[in-house]
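Only one structure is covered here, and it is reproduced in the block below.
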Amino acid sequence: MTRYLPLIIAVVIAVLVLVAGCTTQPAGPATVSPGVHATTEKSMDPVHTPAPAEKTTVPTVVQTVVKPLKPTPTTLPRISVPEGSIAQYYTYTLDGKSDIIPLALSTRVYEDYTKKEEPSIKNGNSAYFLGYMNDAEQQPYIAALVRAIQEKTPVQDDQARIAISLVQHIPFHDGNQYRYPYEVLYNGEGVCGEKSMLLASLLRDLGYGSAIYYFVKENHMTAGITASSSYGYRGTGYAFIESTEPNIITYDGTEFSFGTLTSMPEVIAVGSGRPLATISSDYQDARMYTTLERDIKHLAATELVQFDSLNAKYDLDYYTCQKCKIPAVA
């Protein structure tokens with residue numbers, strides 16, 4: 001058993017981190033990515049949507065377990081940054097290889113968003129969340145990020161995987177109100193709902209059918225991508241994507257403070273494009289990972305190699321957190 005002790009310890013740490021789920025942390029200094037100055041965020045009341053039996057709210061404040069992020073590479077991609085803008089950097093992993101995508105973001109546009117009113121909730125959750133995703137001022141920057149993703153590979157489905165991994169690697173945001181995708185990109189952090197909205201927007205602009213899942217009972221949000229019925233989540237027509245941190249497409253076994261997701265989510269369609277045609281490979285990896293994870297204490301040597309290979313392929317050992325300090329970039 002002693003040879004498995006390091007692996008068991010790592011699994012225990014992973015479980016502690018995942019128990020926190022997508023909920024936010026108590027108020028504290030904001031984690032700021034390279035080139036971004038901490039700012040005071042606008043304060044908004046929690047979202048309350050009339051419902052027959054209960055009301056929906058944004059994620060509540062729950063203490064999470066802290067694990068350091070990977071250090072920012074000392075060598076970052078060069079990018080032209082116009083006056084009045086900052087450079088932000090986003091990491092992702094595709095087939096075990098990590099890379100960085102830079103993006104120039106206007107400080108004036110960011111300041112506009114810090115003063116912008118939240119979308120109206122009067123017409124329900126769908127109109128409310130789409131109001132965040134469809135706001136016109138941020139669209140040129142979403143499009144710029146999409147182009148940067150497309151430049152990384154000509155393989156369309158791998159472009160989707162890059163977008164998914166990129167958003168999953170964005171650290172948690174310390175707060176209890178929703179912000180626009182532009183604010184998430186600018187600050188380099190977001191709660192599960194904000195990250196899911198950003199991801200669904202990127203997948204839509206990459207040409208995929210996309211959606212967000214709003215789990216009212218568990219107060220959680222994830223993203224979805226159009227897929228055949230064999231891979232869709234509970235008959236919704238979309239494959240499940242956990243945006244909290246790196247996870248395999250279709251894997252829905254993450255443990256949160258409330259346990260696992262058991263309720264039927266509200267499905268909000270975002271994009272109406274093509275399905276992820278090669279999703280079968282992700283699905284097989286997710287099923288294999290589930291099996292190995294369940295039997296982690298009894299894996300043979302060859303199975304441990306498989307488990308480690310899947311961890312490396314999707315960077316599953318990367319845990320996002322709020323209180324992590326990221327080295328400044330000159």
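All residue names refer to the structure tokens as shown: chains lettered A, B, ... in order, residues numbered from 1 in each chain, ligands numbered from 1 in order.
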**OP:** Identify, with DSSP run on backbone atoms, the residues in stretch 54-165 of chain A assigned to strand (DSSP E), and express the list as an MDAnalysis selection string.
**Re:** chainID A and resid 85:94 97:106
Subject >> Residues within 7 Å of stretch 226-233 of chain A, only C-alpha atoms, excluding chain neighbours under 4 positions, as a list of chain:residue names >> reply: A:Tyr208, A:Gly209, A:Ser210, A:Gly237, A:Tyr238, A:Ala239, A:Phe240, A:Arg274, A:Pro275, A:Leu276
Original post:
Rounded to one decimal in Å, what is the spacing between atom CA of A:Tyr289 and atom CA of A:Ala312?
Top reply: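 Result for atom CA of A:Tyr289 versus atom CA of A:Ala312: 11.9 Å, one decimal.
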**OP:** Could you tell me which of A:Ile279, A:Val270, A:Leu105, A:Val305 comes closest to A:Tyr186 if we count only C-alpha atoms?
**Re:** A:Leu105
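Closest approach to A:Ser243 from the set A:Thr153, A:Ser126, A:Ser120, A:Gln168 is made by A:Gln168, with distances taken over only C-alpha atoms.
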